[in-house]
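Read through the structure below, which is laid out as structure tokens, and then see the notes.
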Amino acid sequence: MTAGSDLLGAVRSVLGDGTDVVDLVETASRIAWSTIAEPGDAVAGELVTVLGPERALGAVLEAADAGDVGDLLGRCVESGVAGSEDAVAFGAVLIAAVERWTPRLGRSDVAEVLAAAQTVGAALLVPGTSAWPGAVDDLGPHAPLVLWARSSAAAAGPGLAVVGSRANTVAGAEAAAEIVSTAVDAGCSVISGGAYGIDAVAHRVAIAAGAPTTAVLAGGIDQLYPAGNVELLRNVARQGTLLAESPPGTRPTRWRFLARNRLIAALADVTVVVEAGARSGALNTAHHAAQLGRPVFAVPGAFSSSASVGCHRLVAQGRAQLVVHPRDPVDAAVASSTPLTADRQDEPLAGARHDPEVLRVLDALGRRAMPEHEVAGRSGMSLAEVADALALAQLQGLVVHASGGWARA
């Protein structure tokens, strides 16, 4: 893209300390991409990662003008974009992508986005800068292209995501408050979505304790939603961080709430769901956390409570560990973010102590590396259970994958 000096000056003003380590034109192109593609668009993510933001944007603009993705497909094949080895199938993917981006290509206004961000004092975060949360890179092509932040303090220490029902019970609020208090005492930062219910409880308890907390917004950084939590979100910005990936001015939608949940899961070392109905968005966050190999915990209420159906299913299906004590998810978060040191090599990490399947695969492993089917035979577990347990053990630094299979770290 062609960027004038005024535009690059505006980019520089919102980048802060990042101006010395990133290219301003590439950064302006990232902002443009964020106005064109919806959060989590994997095709946009692949193009930007492999071709670079500016080159990818130029190629897409040319394809849209020509009404033909031939040249764009050629560049993708030449550069090794994931999936482009099957030119026919990937060509269809590119056609669909350009068609959904085209209505926004002519309306992308980077200067307008930067002005709106400056109005609310938001800072721009991009990959390569010190403020970029590297944990979101685990999302691969679904990682955010940019992030906008309103912050007074960077999150420090292990991250614990606390999410759950918007229509929580009193018992659910008390459980969430106790978990957050325990997390704060252990030096964890608390991450949630700023919504009514359990999200709000998590943020309020962290703020009351003087601890950092992060709220990830479903719309633009200037769109404090829901209306009843505006003051709470302002307090989060004053004491912790508000984060958003959509451009300022973007209204929250149901789809963007679901897309936002992947960021909450990625930013946290551990996710705990406190009460969740059968169709709660918190279950979506738990799903993303599990896909990323992050431990998931659940706090269900009474089995007769509609606010707990989702949590009961998570536990029953083996997709979440039951919180027996408020320290359970906190210990797992601390363990997940702590490197395994020499004096702890024979001691299972806190999170593993509460996961019998992890302990079983650890017991099955010997001094030599062994394949998963041998671990399954030794442990009496299915291959699927072994794969899940090894993934969690690897995340906690307990095992390593070698040429011959798996071995203790």
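By convention in this document, the chains of the structure tokens carry letters A, B, ... by their order, each chain's residues are numbered from 1, and ligands are numbered from 1 in the order they are shown.
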Identify, with DSSP run on backbone atoms, the residues in range 74-126 of chain A assigned to alpha helix (DSSP H), and express the list as a ChimeraX atom specification. /A:74-79,87-105,110-119
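Taking only C-alpha atoms, the non-local environment of Thr119 in chain A within 12 Å (same-chain residues fewer than 6 positions away omitted) comprises Val14, Glu112, Val113, Arg150, Ile221, Asp222, Pro248 and Gly249 of chain A.
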I need the residues from that last selection saved to file as an mmCIF file, in the first residue's frame (with all heavy atoms), if you can.
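Result file follows (out_21.cif):
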data_model
loop_
_atom_site.group_PDB
_atom_site.id
_atom_site.type_symbol
_atom_site.label_atom_id
_atom_site.label_comp_id
_atom_site.auth_asym_id
_atom_site.auth_seq_id
_atom_site.Cartn_x
_atom_site.Cartn_y
_atom_site.Cartn_z
ATOM 1 N N VAL A 14 0.761 5.720 17.749
ATOM 2 C CA VAL A 14 0.028 4.709 18.518
ATOM 3 C C VAL A 14 0.873 3.482 18.822
ATOM 4 O O VAL A 14 0.484 2.644 19.632
ATOM 5 C CB VAL A 14 -1.266 4.268 17.790
ATOM 6 C CG1 VAL A 14 -2.234 5.435 17.660
ATOM 7 C CG2 VAL A 14 -0.959 3.663 16.439
ATOM 8 N N GLU A 112 -8.679 6.826 9.486
ATOM 9 C CA GLU A 112 -9.862 6.945 10.340
ATOM 10 C C GLU A 112 -9.742 6.037 11.564
ATOM 11 O O GLU A 112 -10.101 6.427 12.680
ATOM 12 C CB GLU A 112 -11.104 6.578 9.524
ATOM 13 C CG GLU A 112 -12.411 6.761 10.261
ATOM 14 C CD GLU A 112 -13.608 6.444 9.386
ATOM 15 O OE1 GLU A 112 -13.643 6.941 8.244
ATOM 16 O OE2 GLU A 112 -14.485 5.682 9.839
ATOM 17 N N VAL A 113 -9.240 4.841 11.359
ATOM 18 C CA VAL A 113 -9.039 3.906 12.469
ATOM 19 C C VAL A 113 -8.047 4.477 13.475
ATOM 20 O O VAL A 113 -8.265 4.435 14.691
ATOM 21 C CB VAL A 113 -8.545 2.548 11.932
ATOM 22 C CG1 VAL A 113 -8.072 1.651 13.072
ATOM 23 C CG2 VAL A 113 -9.637 1.857 11.137
ATOM 24 N N ARG A 150 -6.028 -0.567 25.823
ATOM 25 C CA ARG A 150 -6.124 0.557 26.749
ATOM 26 C C ARG A 150 -5.667 -0.008 28.082
ATOM 27 O O ARG A 150 -6.321 -0.857 28.667
ATOM 28 C CB ARG A 150 -7.556 1.087 26.826
ATOM 29 C CG ARG A 150 -8.006 1.737 25.527
ATOM 30 C CD ARG A 150 -9.495 1.963 25.462
ATOM 31 N NE ARG A 150 -10.000 2.890 26.471
ATOM 32 C CZ ARG A 150 -11.269 3.260 26.568
ATOM 33 N NH1 ARG A 150 -12.170 2.753 25.719
ATOM 34 N NH2 ARG A 150 -11.650 4.118 27.492
ATOM 35 N N ILE A 221 -12.036 -1.208 20.476
ATOM 36 C CA ILE A 221 -11.504 -0.810 21.776
ATOM 37 C C ILE A 221 -12.273 0.379 22.361
ATOM 38 O O ILE A 221 -12.210 0.645 23.560
ATOM 39 C CB ILE A 221 -9.994 -0.466 21.646
ATOM 40 C CG1 ILE A 221 -9.310 -0.429 23.004
ATOM 41 C CG2 ILE A 221 -9.809 0.847 20.877
ATOM 42 C CD1 ILE A 221 -9.221 -1.757 23.703
ATOM 43 N N ASP A 222 -13.046 1.059 21.529
ATOM 44 C CA ASP A 222 -13.851 2.186 21.996
ATOM 45 C C ASP A 222 -15.299 1.781 22.265
ATOM 46 O O ASP A 222 -16.128 2.622 22.613
ATOM 47 C CB ASP A 222 -13.827 3.324 20.967
ATOM 48 C CG ASP A 222 -14.290 2.874 19.581
ATOM 49 O OD1 ASP A 222 -14.384 1.647 19.346
ATOM 50 O OD2 ASP A 222 -14.546 3.746 18.734
ATOM 51 N N PRO A 248 -11.360 0.186 16.007
ATOM 52 C CA PRO A 248 -12.261 1.062 16.763
ATOM 53 C C PRO A 248 -13.509 1.365 15.938
ATOM 54 O O PRO A 248 -13.452 1.507 14.715
ATOM 55 C CB PRO A 248 -11.420 2.329 16.971
ATOM 56 C CG PRO A 248 -10.007 1.846 16.929
ATOM 57 C CD PRO A 248 -9.991 0.738 15.927
ATOM 58 N N GLY A 249 -14.645 1.430 16.614
ATOM 59 C CA GLY A 249 -15.911 1.675 15.944
ATOM 60 C C GLY A 249 -16.668 0.412 15.586
ATOM 61 O O GLY A 249 -17.854 0.479 15.240
#
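The neighbours of Arg319 in chain A here are the residues that come within 9 Å of it, using only C-alpha atoms and leaving out any residue fewer than 3 positions away in the same chain; they are A:Ala286, A:His287, A:Ala290, A:Val296, A:Phe297, A:Arg313, A:Leu314, A:Val315, A:Ala316.
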Identify, on the basis of only C-alpha atoms, every residue whose closest approach to Glu178 in chain A does not exceed 12 Å; exclude the query and any residue fewer than 2 positions from it along the same chain; express the result as a count of residues only. 28
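Using only C-alpha atoms, the contacts of Ile191 in chain A at a cut-off of 7 Å, with sequence neighbours closer than 3 positions omitted, comprise A:Gly159, A:Leu160, A:Ala161, A:Val162, A:Thr213, A:Thr214, A:Ala215, A:Ile264, A:Ala268.
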Next, write the just-selected residues to a file, as a compact mmCIF listing (two decimals), in the first residue's frame, keeping C-alpha atoms as the atom set.
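Dumped to selection-v4.txt:
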# COMPACT_ATOMS: atom_id res chain seq x y z
CA GLY A 159 -2.71 -16.13 33.37
CA LEU A 160 -5.97 -17.64 34.59
CA ALA A 161 -9.09 -17.22 32.44
CA VAL A 162 -12.28 -17.22 34.52
CA THR A 213 -6.91 -8.11 35.05
CA THR A 214 -7.52 -8.21 31.31
CA ALA A 215 -10.88 -7.88 29.57
CA ILE A 264 -9.21 -15.39 26.08
CA ALA A 268 -4.44 -17.75 29.63
When distances are computed from only C-alpha atoms, which of A:Ser337, A:Gly377, A:Leu242, A:Glu385 shows the smallest separation from Pro356 in chain A? A:Glu385
